[in-house]
Amino acid sequence: MIFYKYQGAGNDFLIADNRDGHLTETDGVLYAHGWSKSIAELCDRRYGVGADGVMLLENSDKYDFRMAYYNSDGSGGMMCGNGGRCVVAFAADRGISHFDFDAADGFHKANIIKDDHGVKTVKLKMKDVIGMTHYDRLGGVNVPSSGYFLDTGTRHYVRFVEGLDSYDIVHEGRTIRYKGHELEPIGANVNFVESVGEGAIKVRTYEKGVEDETFACGTGIVASAMASYAHGVRPRISENENGDINAMYTVYAKRDILAVSFDVIKSEGWSAENVWLTGPAAFVAEIHI
(Lines give C-alpha, C1' and ligand atoms only; values in the text may rest on other atoms or scores of the structure.)
Protein backbone atom coordinates (compact mmCIF):
# COMPACT_ATOMS: atom_id res chain seq x y z
CA MET A 1 0.00 0.00 0.00
CA ILE A 2 1.40 3.39 -1.01
CA PHE A 3 0.72 6.68 0.74
CA TYR A 4 2.19 10.09 0.01
CA LYS A 5 2.93 12.43 2.88
CA TYR A 6 2.27 16.15 2.39
CA GLN A 7 2.26 19.04 4.81
CA GLY A 8 0.48 22.38 4.68
CA ALA A 9 1.87 24.91 7.18
CA GLY A 10 3.01 22.00 9.34
CA ASN A 11 -0.37 20.23 9.27
CA ASP A 12 0.68 16.82 7.85
CA PHE A 13 -1.35 14.21 6.00
CA LEU A 14 -1.09 10.77 4.45
CA ILE A 15 -2.74 10.80 1.01
CA ALA A 16 -3.63 7.86 -1.21
CA ASP A 17 -4.73 7.94 -4.85
CA ASN A 18 -8.05 6.10 -4.71
CA ARG A 19 -9.46 7.02 -8.11
CA ASP A 20 -9.65 3.31 -8.99
CA GLY A 21 -11.64 2.63 -5.80
CA HIS A 22 -9.22 0.05 -4.39
CA LEU A 23 -9.49 1.52 -0.87
CA THR A 24 -12.60 1.47 1.27
CA GLU A 25 -13.14 2.92 4.75
CA THR A 26 -15.38 1.53 7.50
CA ASP A 27 -15.44 2.80 11.08
CA GLY A 28 -12.01 4.38 10.80
CA VAL A 29 -10.34 1.34 9.16
CA LEU A 30 -8.98 1.28 5.60
CA TYR A 31 -9.30 -1.92 3.54
CA ALA A 32 -7.69 -2.87 0.22
CA HIS A 33 -7.20 -6.33 -1.36
CA GLY A 34 -6.67 -8.20 1.90
CA TRP A 35 -4.74 -5.31 3.48
CA SER A 36 -6.25 -3.38 6.38
CA LYS A 37 -5.04 -0.77 8.80
CA SER A 38 -6.84 1.62 11.11
CA ILE A 39 -6.38 5.31 10.42
CA ALA A 40 -5.41 5.81 14.06
CA GLU A 41 -2.58 3.27 13.66
CA LEU A 42 -1.30 4.93 10.50
CA CYS A 43 -1.33 8.38 12.12
CA ASP A 44 0.31 7.29 15.38
CA ARG A 45 3.61 9.20 15.60
CA ARG A 46 5.47 6.49 17.53
CA TYR A 47 4.01 3.18 16.32
CA GLY A 48 2.79 4.27 12.89
CA VAL A 49 3.85 6.66 10.14
CA GLY A 50 2.62 9.78 11.92
CA ALA A 51 0.16 12.38 10.57
CA ASP A 52 -2.64 14.74 11.58
CA GLY A 53 -4.98 12.96 9.18
CA VAL A 54 -5.53 10.76 6.13
CA MET A 55 -6.99 11.80 2.78
CA LEU A 56 -8.14 9.89 -0.27
CA LEU A 57 -8.12 11.42 -3.75
CA GLU A 58 -11.24 9.97 -5.40
CA ASN A 59 -13.27 10.34 -8.58
CA SER A 60 -16.25 12.69 -8.64
CA ASP A 61 -19.32 12.57 -10.88
CA LYS A 62 -19.50 16.39 -10.95
CA TYR A 63 -16.00 17.75 -10.57
CA ASP A 64 -12.35 17.02 -11.26
CA PHE A 65 -12.01 14.89 -8.13
CA ARG A 66 -13.29 14.31 -4.60
CA MET A 67 -11.43 14.81 -1.33
CA ALA A 68 -12.24 12.36 1.48
CA TYR A 69 -10.72 13.49 4.78
CA TYR A 70 -10.27 11.66 8.11
CA ASN A 71 -8.84 12.95 11.38
CA SER A 72 -6.03 11.01 13.03
CA ASP A 73 -8.57 9.27 15.29
CA GLY A 74 -10.47 7.98 12.24
CA SER A 75 -13.38 10.43 12.46
CA GLY A 76 -14.51 12.05 9.22
CA GLY A 77 -17.26 14.10 7.66
CA MET A 78 -15.57 17.48 7.81
CA MET A 79 -13.48 19.86 5.71
CA CYS A 80 -9.81 20.58 6.32
CA GLY A 81 -8.36 23.75 4.81
CA ASN A 82 -4.71 22.76 5.00
CA GLY A 83 -5.68 19.30 3.79
CA GLY A 84 -7.56 20.87 0.88
CA ARG A 85 -4.44 22.69 -0.25
CA CYS A 86 -2.38 19.51 0.16
CA VAL A 87 -4.80 17.38 -1.85
CA VAL A 88 -4.65 19.99 -4.64
CA ALA A 89 -0.84 19.81 -4.59
CA PHE A 90 -1.07 16.01 -4.65
CA ALA A 91 -3.56 16.10 -7.55
CA ALA A 92 -1.20 18.37 -9.49
CA ASP A 93 1.66 15.95 -8.87
CA ARG A 94 -0.57 13.18 -10.26
CA GLY A 95 -1.05 15.14 -13.51
CA ILE A 96 -4.40 16.83 -12.76
CA SER A 97 -4.36 20.43 -14.01
CA HIS A 98 -7.79 21.76 -13.01
CA PHE A 99 -8.90 21.85 -9.38
CA ASP A 100 -12.67 21.93 -8.94
CA PHE A 101 -13.44 19.34 -6.29
CA ASP A 102 -16.00 18.00 -3.87
CA ALA A 103 -15.43 17.67 -0.12
CA ALA A 104 -17.55 16.89 2.94
CA ASP A 105 -18.82 20.48 3.11
CA GLY A 106 -19.50 20.82 -0.62
CA PHE A 107 -17.81 22.37 -3.65
CA HIS A 108 -14.33 23.93 -3.66
CA LYS A 109 -11.97 25.24 -6.27
CA ALA A 110 -8.30 26.13 -6.13
CA ASN A 111 -5.39 27.57 -8.05
CA ILE A 112 -1.70 26.93 -7.71
CA ILE A 113 -0.25 30.43 -7.82
CA LYS A 114 3.37 29.44 -7.23
CA ASP A 115 5.39 26.22 -7.48
CA ASP A 116 8.93 26.51 -6.21
CA HIS A 117 11.17 23.49 -5.54
CA GLY A 118 8.27 21.19 -4.62
CA VAL A 119 6.53 23.69 -2.34
CA LYS A 120 3.28 24.86 -3.90
CA THR A 121 1.41 27.99 -2.84
CA VAL A 122 -2.25 27.10 -3.20
CA LYS A 123 -5.19 29.51 -3.16
CA LEU A 124 -8.24 27.54 -2.01
CA LYS A 125 -11.85 28.73 -2.12
CA MET A 126 -13.67 27.86 1.09
CA LYS A 127 -17.39 27.61 1.80
CA ASP A 128 -19.57 30.67 2.37
CA VAL A 129 -20.16 31.27 6.06
CA ILE A 130 -23.52 32.32 7.47
CA GLY A 131 -23.89 32.94 11.17
CA MET A 132 -21.52 33.63 14.04
CA THR A 133 -22.38 33.38 17.74
CA HIS A 134 -20.67 35.40 20.47
CA TYR A 135 -20.48 33.81 23.93
CA ASP A 136 -19.78 35.91 27.03
CA ARG A 137 -19.26 32.70 28.97
CA LEU A 138 -19.08 29.20 27.57
CA GLY A 139 -20.48 26.20 29.43
CA GLY A 140 -22.11 28.16 32.23
CA VAL A 141 -19.85 28.68 35.23
CA ASN A 142 -17.51 25.88 34.16
CA VAL A 143 -15.65 27.73 31.40
CA PRO A 144 -15.40 31.52 31.72
CA SER A 145 -14.34 32.00 28.11
CA SER A 146 -15.58 34.89 25.99
CA GLY A 147 -15.35 34.04 22.32
CA TYR A 148 -16.99 33.33 18.96
CA PHE A 149 -18.44 30.18 17.43
CA LEU A 150 -18.81 29.62 13.67
CA ASP A 151 -18.68 26.85 11.08
CA THR A 152 -16.18 27.26 8.24
CA GLY A 153 -16.46 23.67 7.00
CA THR A 154 -15.62 22.45 10.51
CA ARG A 155 -16.99 23.81 13.78
CA HIS A 156 -14.69 26.34 15.47
CA TYR A 157 -14.55 28.33 18.68
CA VAL A 158 -12.30 31.42 18.64
CA ARG A 159 -10.95 33.10 21.77
CA PHE A 160 -8.81 36.26 21.85
CA VAL A 161 -5.86 36.29 24.22
CA GLU A 162 -2.63 38.13 24.98
CA GLY A 163 0.77 36.46 25.23
CA LEU A 164 -0.16 33.74 22.73
CA ASP A 165 3.39 32.41 22.39
CA SER A 166 3.42 31.25 26.02
CA TYR A 167 -0.29 30.37 26.30
CA ASP A 168 -1.26 26.87 27.50
CA ILE A 169 -3.06 25.87 24.31
CA VAL A 170 -3.53 22.18 25.17
CA HIS A 171 -5.00 22.68 28.65
CA GLU A 172 -7.26 25.59 27.73
CA GLY A 173 -8.25 24.07 24.40
CA ARG A 174 -9.09 20.73 25.95
CA THR A 175 -11.16 22.43 28.66
CA ILE A 176 -13.30 24.27 26.12
CA ARG A 177 -13.42 21.27 23.76
CA TYR A 178 -14.80 18.93 26.42
CA LYS A 179 -16.63 21.26 28.82
CA GLY A 180 -18.09 23.80 26.43
CA HIS A 181 -21.61 22.44 26.75
CA GLU A 182 -23.11 24.69 24.08
CA LEU A 183 -20.79 23.05 21.52
CA GLU A 184 -21.81 19.48 22.29
CA PRO A 185 -22.54 16.80 21.17
CA ILE A 186 -19.73 16.89 18.59
CA GLY A 187 -17.67 19.75 20.00
CA ALA A 188 -15.49 22.17 18.11
CA ASN A 189 -11.88 22.96 17.39
CA VAL A 190 -10.58 25.74 19.63
CA ASN A 191 -8.52 28.63 18.26
CA PHE A 192 -6.57 31.17 20.28
CA VAL A 193 -5.89 34.46 18.52
CA GLU A 194 -3.74 37.52 19.18
CA SER A 195 -3.79 40.69 17.11
CA VAL A 196 -0.31 41.72 15.98
CA GLY A 197 -1.16 44.85 14.01
CA GLU A 198 -3.53 46.08 11.32
CA GLY A 199 -4.58 43.19 9.11
CA ALA A 200 -2.40 40.67 10.96
CA ILE A 201 -3.11 38.00 13.59
CA LYS A 202 -1.38 35.05 15.23
CA VAL A 203 -3.36 31.82 15.56
CA ARG A 204 -2.78 28.60 17.51
CA THR A 205 -5.33 25.75 17.41
CA TYR A 206 -6.35 22.77 19.51
CA GLU A 207 -7.93 20.29 17.07
CA LYS A 208 -10.61 17.79 17.95
CA GLY A 209 -9.96 14.41 16.37
CA VAL A 210 -6.24 15.02 16.84
CA GLU A 211 -6.84 16.02 20.49
CA ASP A 212 -3.75 18.18 20.62
CA GLU A 213 -2.35 21.40 19.25
CA THR A 214 -1.42 21.20 15.58
CA PHE A 215 1.02 23.47 13.76
CA ALA A 216 -1.86 25.03 11.83
CA CYS A 217 -5.54 24.51 11.01
CA GLY A 218 -6.87 25.91 7.75
CA THR A 219 -10.56 26.11 8.62
CA GLY A 220 -9.54 27.46 12.04
CA ILE A 221 -7.41 30.16 10.44
CA VAL A 222 -10.41 31.18 8.31
CA ALA A 223 -12.67 31.17 11.40
CA SER A 224 -10.11 33.21 13.33
CA ALA A 225 -9.89 35.84 10.59
CA MET A 226 -13.68 36.20 10.50
CA ALA A 227 -13.92 36.37 14.28
CA SER A 228 -11.15 39.00 14.22
CA TYR A 229 -13.31 41.16 11.95
CA ALA A 230 -16.26 40.78 14.34
CA HIS A 231 -13.97 41.49 17.30
CA GLY A 232 -12.77 44.77 15.82
CA VAL A 233 -9.31 43.73 14.60
CA ARG A 234 -8.95 45.98 11.59
CA PRO A 235 -8.23 44.17 8.30
CA ARG A 236 -6.76 45.48 5.09
CA ILE A 237 -9.88 46.34 3.13
CA SER A 238 -11.20 47.04 -0.33
CA GLU A 239 -14.76 47.42 -1.60
CA ASN A 240 -16.43 45.53 -4.44
CA GLU A 241 -18.97 46.80 -6.96
CA ASN A 242 -21.86 45.92 -4.63
CA GLY A 243 -20.43 48.01 -1.82
CA ASP A 244 -19.47 44.93 0.17
CA ILE A 245 -16.21 45.01 2.07
CA ASN A 246 -13.42 42.61 1.11
CA ALA A 247 -11.41 41.94 4.27
CA MET A 248 -7.88 40.57 4.12
CA TYR A 249 -5.74 39.23 6.97
CA THR A 250 -2.19 37.94 7.15
CA VAL A 251 -2.15 34.99 9.54
CA TYR A 252 0.90 33.76 11.41
CA ALA A 253 0.68 30.08 12.34
CA LYS A 254 3.33 28.39 14.48
CA ARG A 255 5.88 28.43 11.65
CA ASP A 256 4.27 29.49 8.36
CA ILE A 257 2.43 32.55 7.09
CA LEU A 258 -0.97 32.27 5.39
CA ALA A 259 -3.57 34.69 4.06
CA VAL A 260 -7.36 34.86 4.33
CA SER A 261 -9.72 37.10 2.39
CA PHE A 262 -13.51 37.28 2.32
CA ASP A 263 -16.39 39.54 1.34
CA VAL A 264 -18.43 40.80 4.29
CA ILE A 265 -22.03 40.85 3.10
CA LYS A 266 -23.98 43.82 4.41
CA SER A 267 -27.05 42.18 5.88
CA GLU A 268 -28.47 41.34 9.27
CA GLY A 269 -26.26 38.95 11.18
CA TRP A 270 -22.95 37.59 9.92
CA SER A 271 -22.43 36.50 6.33
CA ALA A 272 -19.22 36.09 4.33
CA GLU A 273 -18.75 35.03 0.72
CA ASN A 274 -15.87 34.69 -1.72
CA VAL A 275 -13.73 33.18 1.04
CA TRP A 276 -10.14 32.28 0.11
CA LEU A 277 -7.35 30.63 2.08
CA THR A 278 -3.82 30.91 0.65
CA GLY A 279 -0.78 29.07 1.95
CA PRO A 280 1.92 26.48 1.31
CA ALA A 281 1.55 22.77 0.52
CA ALA A 282 4.62 20.55 0.18
CA PHE A 283 5.39 16.94 -0.72
CA VAL A 284 7.36 15.18 2.04
CA ALA A 285 7.72 11.49 1.23
CA GLU A 286 6.41 8.43 -0.60
CA ILE A 287 5.66 5.72 1.93
CA HIS A 288 5.22 1.99 1.24
CA ILE A 289 3.39 0.22 4.03
# chains A, B, ... in the order shown; residues from 1 in each chain; ligands from 1
$ select_by_dssp --residues "segment 170-211 of chain A" --states "alpha helix (DSSP H)" --output "MDAnalysis selection string"
chainID A and resid 170:179
$ select_by_dssp --residues "segment 48-174 of chain A" --states "strand (DSSP E or B)" --output "ChimeraX atom specification"
/A:53-58,65-71,76,100-103,106-116,119-125,129-130,133-135,138,143,147-151,155-160
$ closest_residue --among "A:Ala89, A:Val193, A:Val170, A:Ile130" --to "Tyr157 of chain A" --atoms "only C-alpha atoms"
A:Val193
$ closest_residue --among "A:Asp52, A:Asp115, A:Glu239, A:Glu41" --to "Phe283 of chain A" --atoms "only C-alpha atoms"
A:Asp115
$ closest_residue --among "A:Lys62, A:Lys266, A:Lys37, A:Arg85" --to "Phe13 of chain A" --atoms "only C-alpha atoms"
A:Arg85
$ closest_residue --among "A:His108, A:Lys202, A:Lys127, A:His22" --to "Val233 of chain A" --atoms "only C-alpha atoms"
A:Lys202
$ closest_residue --among "A:Ala223, A:Ala200, A:Ala16, A:Ala68" --to "Asp102 of chain A" --atoms "only C-alpha atoms"
A:Ala68
$ residues_around --residues "Ser224 of chain A" --least-positions-apart "5" --cutoff "10 Å" --atoms "only C-alpha atoms" --output "list in words"
Tyr148, Phe149, Leu150, Thr152, His156, Tyr157, Val158, Arg159, Phe160, Val190, Asn191, Phe192, Val193, Glu194, Ile201, Lys202, Val203, Arg204, Thr205, Gly218, Thr219, Tyr229, Ala230, His231, Tyr249, Val251 and Val260 of chain A
$ atom_distance --atom1 "atom CA of Arg94 of chain A" --atom2 "atom CA of Asp256 of chain A"
25.2 Å
$ residues_around --residues "Gly76 of chain A" --least-positions-apart "6" --cutoff "9 Å" --atoms "only C-alpha atoms" --output "MDAnalysis selection string"
chainID A and resid 28 68:70 104 209
$ residues_around --residues "Thr214 of chain A" --least-positions-apart "5" --cutoff "7 Å" --atoms "only C-alpha atoms" --output "list in words"
Asn11, Thr205, Tyr206 and Glu207 of chain A
$ write_last_selection --atoms "all heavy atoms" --output "JSON list (two decimals), in the first residue's frame"
[["chain", "number", "residue", "atom", "x", "y", "z"],
["A", 11, "ASN", "N", 0.73, 21.17, 9.12],
["A", 11, "ASN", "CA", -0.37, 20.23, 9.27],
["A", 11, "ASN", "C", -0.09, 19.09, 8.28],
["A", 11, "ASN", "O", -0.07, 19.33, 7.06],
["A", 11, "ASN", "CB", -1.67, 20.93, 8.90],
["A", 11, "ASN", "CG", -2.86, 20.56, 9.75],
["A", 11, "ASN", "OD1", -3.94, 21.08, 9.53],
["A", 11, "ASN", "ND2", -2.72, 19.71, 10.73],
["A", 205, "THR", "N", -4.08, 26.53, 17.42],
["A", 205, "THR", "CA", -5.33, 25.75, 17.41],
["A", 205, "THR", "C", -5.18, 24.41, 18.11],
["A", 205, "THR", "O", -4.22, 23.67, 17.87],
["A", 205, "THR", "CB", -5.80, 25.50, 15.96],
["A", 205, "THR", "OG1", -6.00, 26.76, 15.30],
["A", 205, "THR", "CG2", -7.11, 24.72, 15.93],
["A", 206, "TYR", "N", -6.17, 24.11, 18.95],
["A", 206, "TYR", "CA", -6.35, 22.77, 19.51],
["A", 206, "TYR", "C", -7.40, 22.08, 18.64],
["A", 206, "TYR", "O", -8.54, 22.56, 18.52],
["A", 206, "TYR", "CB", -6.83, 22.84, 20.96],
["A", 206, "TYR", "CG", -7.07, 21.49, 21.59],
["A", 206, "TYR", "CD1", -6.08, 20.85, 22.31],
["A", 206, "TYR", "CD2", -8.31, 20.84, 21.46],
["A", 206, "TYR", "CE1", -6.29, 19.61, 22.89],
["A", 206, "TYR", "CE2", -8.52, 19.60, 22.03],
["A", 206, "TYR", "CZ", -7.51, 18.99, 22.75],
["A", 206, "TYR", "OH", -7.73, 17.75, 23.31],
["A", 207, "GLU", "N", -7.03, 20.95, 18.02],
["A", 207, "GLU", "CA", -7.93, 20.29, 17.07],
["A", 207, "GLU", "C", -8.58, 19.05, 17.67],
["A", 207, "GLU", "O", -7.89, 18.15, 18.16],
["A", 207, "GLU", "CB", -7.17, 19.89, 15.80],
["A", 207, "GLU", "CG", -6.83, 21.05, 14.90],
["A", 207, "GLU", "CD", -6.55, 20.63, 13.48],
["A", 207, "GLU", "OE1", -7.39, 19.87, 12.91],
["A", 207, "GLU", "OE2", -5.51, 21.02, 12.93]]
$ closest_residue --among "A:Leu57, A:Ala247, A:Ala227, A:Ile169" --to "Thr133 of chain A" --atoms "only C-alpha atoms"
A:Ala227
